[in-house]
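Undergrad: One structure follows; several queries about it will come next.
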Amino acid sequence: MDGVFGKQRFTKVYNIIGFISGVILVLLFGFFICAGGYVTLDDTIASWFFVCFGFFISILCGGSLYVNRKAYIHVDAQGISAFCHIGLSLKCGFSDVSSVSYGGTGLNIQLKNGKKYSLIHLENADSLGKYIQKRIPRQSQAVLDKNELIQAIPPLRKKRKYEGIGAVCAFLLLIPVILLTSALTGWKDLGEFTSGDWSVFAAMACVSVILIVLSCILLRRFLRHTDALNEKLDALSRILLQASPLHPGNALKMYVDDDFHPSIRLTVFGYPNAEEVYFTVEQVSKNFELVCIHESKVYSGMDALAPEIADMTEIPLPQES
């Protein structure tokens, strides 16, 4: 199975424009610096800023053009080979894969050694993700308890919320720090700074670095707890969809929409001494309860219903306690 990438005409145009603009900035302000036309420290610092900014933009857009042109993924019985947008070259067997996630046009693969690889703009990201996921060797896991999962989810949500807010606030605090630095130094240009002004500037620079580091740490924790929360939500969803009692009726078959990340349960019901069938669709509510969101019309039989459930996976009916 090969990855199918969508057309990226506008993305390519934006990257070309960004690359050319970055090169122009480097050449233009680099010329001004070499010509020595600036006499103030502020002008020199501003020129070097635009040189560095242009260099960064040209590298970023040029790298994006290269990666988009080289990106591919091929999956077969032997494993995965790819050139990814994040992580670049990948070649591994299914036994090397720790987890895979997908959605929309993105596919993320994490190996057991901790390395992560990502691809975007994939039209068949879901198909590739499911294909890989079904072939990852499943390790025996301890049976998860529904009540323990329900109790573990709210604290994780709370931590993730505070860490996300903290990461944003720490970054936004850079603005008042910059304004306070300017006010304490009398709104002077850098070339007019006294020794006292430079001391204030150095202290505020240290505060800024601390805020940036703190923001990065909180963001990393936010992402880690988001992954942990999603794992617990998936596990709880599987337990509820597979084991929750059925609605009254003559249940014949039960299906879920995904083997590993199910979101709904479809139950087919029949009538005594008749071929007619109908189905109900249930999903997990915010209160971790299964609620019915749809009840179908009556079908003449399972053959008539087959197109509706063609993409779903059958699972055993829950045992009555």
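The chains in the structure tokens are called A, B, ... from first to last as shown; in each chain the residues are counted from 1, and the ligands are counted from 1 in the order shown.
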Considering only C-alpha atoms, tabulate each residue of range 234-264 of chain A that lies at most 12 Å from range 147-158 of chain A along with its nearest interatomic pair and the corresponding distance in Å to one decimal; arrange the rows by chain and ascending residue number and present them as a Markdown table.
TA:
| residue | atom | partner | partner_atom | distance |
| --- | --- | --- | --- | --- |
| A:Asp234 | CA | A:Leu149 | CA | 10.2 |
| A:Ala235 | CA | A:Leu149 | CA | 8.1 |
| A:Leu236 | CA | A:Leu149 | CA | 6.4 |
| A:Ser237 | CA | A:Leu149 | CA | 10.1 |
| A:Arg238 | CA | A:Leu149 | CA | 11.5 |
| A:Ile239 | CA | A:Leu149 | CA | 10.0 |
| A:Leu240 | CA | A:Asn147 | CA | 10.9 |
Undergrad: Residues near range 15-20 of chain A, anyone? I mean within 8 Å using only C-alpha atoms, not counting same-chain ones fewer than 6 positions away, as a ChimeraX atom specification.
TA: /A:57-62,64-65
Undergrad: Smallest atom-to-atom distance to Cys206 in chain A: which of A:Thr181, A:His74, A:Ser99, A:Asn230, using only C-alpha atoms?
TA: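 Among the listed residues, A:Thr181 lies closest to Cys206 in chain A.
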Undergrad: At a cut-off of 10 Å, can you tabulate as JSON lines every residue of range 224-262 of chain A near range 301-318 of chain A together with its closest atom pair and the distance in Å to one decimal, using only C-alpha atoms and ordering rows by chain then number?
TA:
{"residue": "A:Leu241", "atom": "CA", "partner": "A:Pro318", "partner_atom": "CA", "distance": 9.2}
{"residue": "A:Gln242", "atom": "CA", "partner": "A:Pro318", "partner_atom": "CA", "distance": 6.4}
{"residue": "A:Ala243", "atom": "CA", "partner": "A:Pro318", "partner_atom": "CA", "distance": 5.1}
{"residue": "A:Ser244", "atom": "CA", "partner": "A:Pro318", "partner_atom": "CA", "distance": 6.9}
{"residue": "A:Pro245", "atom": "CA", "partner": "A:Pro318", "partner_atom": "CA", "distance": 6.7}
{"residue": "A:Leu246", "atom": "CA", "partner": "A:Pro318", "partner_atom": "CA", "distance": 7.7}
{"residue": "A:Ala251", "atom": "CA", "partner": "A:Leu317", "partner_atom": "CA", "distance": 8.1}
{"residue": "A:Leu252", "atom": "CA", "partner": "A:Leu317", "partner_atom": "CA", "distance": 8.1}
{"residue": "A:Lys253", "atom": "CA", "partner": "A:Leu317", "partner_atom": "CA", "distance": 6.7}
{"residue": "A:Met254", "atom": "CA", "partner": "A:Ile315", "partner_atom": "CA", "distance": 5.7}
{"residue": "A:Tyr255", "atom": "CA", "partner": "A:Glu314", "partner_atom": "CA", "distance": 4.2}
{"residue": "A:Val256", "atom": "CA", "partner": "A:Thr313", "partner_atom": "CA", "distance": 5.4}
{"residue": "A:Asp257", "atom": "CA", "partner": "A:Met312", "partner_atom": "CA", "distance": 4.8}
{"residue": "A:Asp258", "atom": "CA", "partner": "A:Thr313", "partner_atom": "CA", "distance": 6.7}
{"residue": "A:Asp259", "atom": "CA", "partner": "A:Thr313", "partner_atom": "CA", "distance": 6.7}
{"residue": "A:Pro262", "atom": "CA", "partner": "A:Thr313", "partner_atom": "CA", "distance": 9.7}
Undergrad: Write a file of the just-selected residues containing C-alpha atoms, as an mmCIF file, in the first residue's frame.
TA:
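Result saved to result05.cif:
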data_model
loop_
_atom_site.group_PDB
_atom_site.id
_atom_site.type_symbol
_atom_site.label_atom_id
_atom_site.label_comp_id
_atom_site.auth_asym_id
_atom_site.auth_seq_id
_atom_site.Cartn_x
_atom_site.Cartn_y
_atom_site.Cartn_z
ATOM 1 C CA LEU A 241 -18.818 -0.109 23.727
ATOM 2 C CA GLN A 242 -17.940 -3.785 24.079
ATOM 3 C CA ALA A 243 -19.354 -4.581 27.515
ATOM 4 C CA SER A 244 -22.255 -2.208 28.240
ATOM 5 C CA PRO A 245 -25.682 -3.889 28.405
ATOM 6 C CA LEU A 246 -27.806 -3.800 25.254
ATOM 7 C CA ALA A 251 -29.947 -8.630 19.426
ATOM 8 C CA LEU A 252 -28.317 -10.494 16.534
ATOM 9 C CA LYS A 253 -24.957 -8.828 15.870
ATOM 10 C CA MET A 254 -22.853 -5.947 17.178
ATOM 11 C CA TYR A 255 -20.280 -3.748 15.383
ATOM 12 C CA VAL A 256 -17.869 -0.888 16.127
ATOM 13 C CA ASP A 257 -16.568 1.688 13.662
ATOM 14 C CA ASP A 258 -12.855 1.140 14.419
ATOM 15 C CA ASP A 259 -10.811 -1.697 15.931
ATOM 16 C CA PRO A 262 -13.995 3.062 18.367
#
Undergrad: Quick one: pull the distance between CA of Val284 in chain A and CA of Ser296 in chain A, Å, one decimal.
TA: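 Atom-to-atom, CA of Val284 in chain A to CA of Ser296 in chain A, that is 18.6 Å.
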Undergrad: If you run DSSP over the backbone, which residues in range 57-177 of chain A end up alpha helix (DSSP H)? Put them as number ranges by chain.
TA: A: 57-70, 125-135, 146-172, 174-177
Undergrad: Tell me, in Å to one decimal, how far CA of Ile86 in chain A is from CA of Tyr117 in chain A.
TA: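 Between CA of Ile86 in chain A and CA of Tyr117 in chain A the gap works out to 5.3 Å.
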Undergrad: Considering only C-alpha atoms, return as an MDAnalysis selection string whatever protein or nucleic-acid residues lie within 12 Å of Asn68 in chain A, sequence-local ones (same chain, fewer than 3 positions apart) excluded.
TA: chainID A and resid 5:9 11:12 15 61:65 71:72 83:86 88 119:122
Undergrad: Please write the residues from the selection above to a file, keeping N, CA and C atoms, as a PDB file, in the first residue's frame.
TA:
ATOM      1  N   PHE A   5      -0.703  11.391  -1.885  1.00  0.00           N
ATOM      2  CA  PHE A   5      -0.587  12.770  -1.420  1.00  0.00           C
ATOM      3  C   PHE A   5      -1.475  13.682  -2.252  1.00  0.00           C
ATOM      4  N   GLY A   6      -2.183  14.588  -1.553  1.00  0.00           N
ATOM      5  CA  GLY A   6      -3.032  15.551  -2.243  1.00  0.00           C
ATOM      6  C   GLY A   6      -2.207  16.625  -2.923  1.00  0.00           C
ATOM      7  N   LYS A   7      -2.826  17.297  -3.864  1.00  0.00           N
ATOM      8  CA  LYS A   7      -2.140  18.370  -4.578  1.00  0.00           C
ATOM      9  C   LYS A   7      -1.877  19.539  -3.637  1.00  0.00           C
ATOM     10  N   GLN A   8      -0.689  20.117  -3.725  1.00  0.00           N
ATOM     11  CA  GLN A   8      -0.272  21.176  -2.798  1.00  0.00           C
ATOM     12  C   GLN A   8       0.234  22.392  -3.578  1.00  0.00           C
ATOM     13  N   ARG A   9      -0.539  22.807  -4.574  1.00  0.00           N
ATOM     14  CA  ARG A   9      -0.085  23.905  -5.432  1.00  0.00           C
ATOM     15  C   ARG A   9       0.147  25.180  -4.636  1.00  0.00           C
ATOM     16  N   THR A  11       0.568  25.544  -1.382  1.00  0.00           N
ATOM     17  CA  THR A  11       1.659  25.370  -0.426  1.00  0.00           C
ATOM     18  C   THR A  11       3.005  25.536  -1.110  1.00  0.00           C
ATOM     19  N   LYS A  12       3.132  24.976  -2.303  1.00  0.00           N
ATOM     20  CA  LYS A  12       4.381  25.094  -3.052  1.00  0.00           C
ATOM     21  C   LYS A  12       4.660  26.546  -3.429  1.00  0.00           C
ATOM     22  N   ASN A  15       5.793  28.462  -0.359  1.00  0.00           N
ATOM     23  CA  ASN A  15       7.170  28.124   0.005  1.00  0.00           C
ATOM     24  C   ASN A  15       8.181  28.780  -0.938  1.00  0.00           C
ATOM     25  N   CYS A  61      11.486  27.413   4.345  1.00  0.00           N
ATOM     26  CA  CYS A  61      10.716  27.215   3.110  1.00  0.00           C
ATOM     27  C   CYS A  61      11.449  26.304   2.133  1.00  0.00           C
ATOM     28  N   GLY A  62      12.771  26.454   2.046  1.00  0.00           N
ATOM     29  CA  GLY A  62      13.541  25.566   1.178  1.00  0.00           C
ATOM     30  C   GLY A  62      13.466  24.124   1.651  1.00  0.00           C
ATOM     31  N   GLY A  63      13.574  23.925   2.960  1.00  0.00           N
ATOM     32  CA  GLY A  63      13.459  22.571   3.508  1.00  0.00           C
ATOM     33  C   GLY A  63      12.084  21.981   3.268  1.00  0.00           C
ATOM     34  N   SER A  64      11.047  22.822   3.393  1.00  0.00           N
ATOM     35  CA  SER A  64       9.683  22.354   3.145  1.00  0.00           C
ATOM     36  C   SER A  64       9.502  21.927   1.691  1.00  0.00           C
ATOM     37  N   LEU A  65      10.069  22.699   0.763  1.00  0.00           N
ATOM     38  CA  LEU A  65       9.996  22.322  -0.653  1.00  0.00           C
ATOM     39  C   LEU A  65      10.675  20.973  -0.892  1.00  0.00           C
ATOM     40  N   ALA A  71       8.721  13.337  -0.104  1.00  0.00           N
ATOM     41  CA  ALA A  71       7.882  12.553   0.804  1.00  0.00           C
ATOM     42  C   ALA A  71       7.171  11.403   0.090  1.00  0.00           C
ATOM     43  N   TYR A  72       7.195  10.241   0.731  1.00  0.00           N
ATOM     44  CA  TYR A  72       6.452   9.080   0.251  1.00  0.00           C
ATOM     45  C   TYR A  72       6.317   8.104   1.407  1.00  0.00           C
ATOM     46  N   PHE A  83       9.730   8.512   3.531  1.00  0.00           N
ATOM     47  CA  PHE A  83      10.471   9.753   3.763  1.00  0.00           C
ATOM     48  C   PHE A  83       9.443  10.747   4.276  1.00  0.00           C
ATOM     49  N   CYS A  84       9.577  11.111   5.546  1.00  0.00           N
ATOM     50  CA  CYS A  84       8.501  11.820   6.250  1.00  0.00           C
ATOM     51  C   CYS A  84       8.765  13.317   6.341  1.00  0.00           C
ATOM     52  N   HIS A  85       7.685  14.066   6.563  1.00  0.00           N
ATOM     53  CA  HIS A  85       7.806  15.504   6.775  1.00  0.00           C
ATOM     54  C   HIS A  85       8.523  15.799   8.097  1.00  0.00           C
ATOM     55  N   ILE A  86       8.253  14.972   9.102  1.00  0.00           N
ATOM     56  CA  ILE A  86       8.942  15.086  10.392  1.00  0.00           C
ATOM     57  C   ILE A  86       9.599  13.751  10.682  1.00  0.00           C
ATOM     58  N   LEU A  88      12.013  12.514   8.736  1.00  0.00           N
ATOM     59  CA  LEU A  88      12.665  12.198   7.467  1.00  0.00           C
ATOM     60  C   LEU A  88      12.691  10.688   7.206  1.00  0.00           C
ATOM     61  N   LEU A 119       3.660  12.333   8.661  1.00  0.00           N
ATOM     62  CA  LEU A 119       3.378  12.674   7.273  1.00  0.00           C
ATOM     63  C   LEU A 119       2.081  13.456   7.226  1.00  0.00           C
ATOM     64  N   ILE A 120       2.019  14.462   6.355  1.00  0.00           N
ATOM     65  CA  ILE A 120       0.796  15.247   6.184  1.00  0.00           C
ATOM     66  C   ILE A 120       0.420  15.252   4.704  1.00  0.00           C
ATOM     67  N   HIS A 121      -0.748  15.812   4.425  1.00  0.00           N
ATOM     68  CA  HIS A 121      -1.282  15.904   3.057  1.00  0.00           C
ATOM     69  C   HIS A 121      -1.610  14.534   2.468  1.00  0.00           C
ATOM     70  N   LEU A 122      -1.817  13.519   3.311  1.00  0.00           N
ATOM     71  CA  LEU A 122      -2.151  12.184   2.813  1.00  0.00           C
ATOM     72  C   LEU A 122      -3.655  12.051   2.628  1.00  0.00           C
TER      73      LEU A 122
END
Undergrad: One decimal, in Å: what's the spacing between CA of Ser101 in chain A and CA of Leu229 in chain A?
TA: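 Value for the CA of Ser101 in chain A-CA of Leu229 in chain A distance: 14.0 Å.
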Undergrad: I want to know what sits within 12 Å of range 104-109 of chain A, based on only C-alpha atoms, with residues of the same chain fewer than 2 positions away left out; could you give that as a ChimeraX atom specification?
TA: /A:3-7,72-73,80-82,84-88,90-94,96-102,111-133,136
Undergrad: Which one is closest to Val23 in chain A: A:Ala35, A:Phe10, A:Cys52, A:Ser95? Count only C-alpha atoms.
TA: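 Closest to Val23 in chain A, using only C-alpha atoms: A:Cys52.
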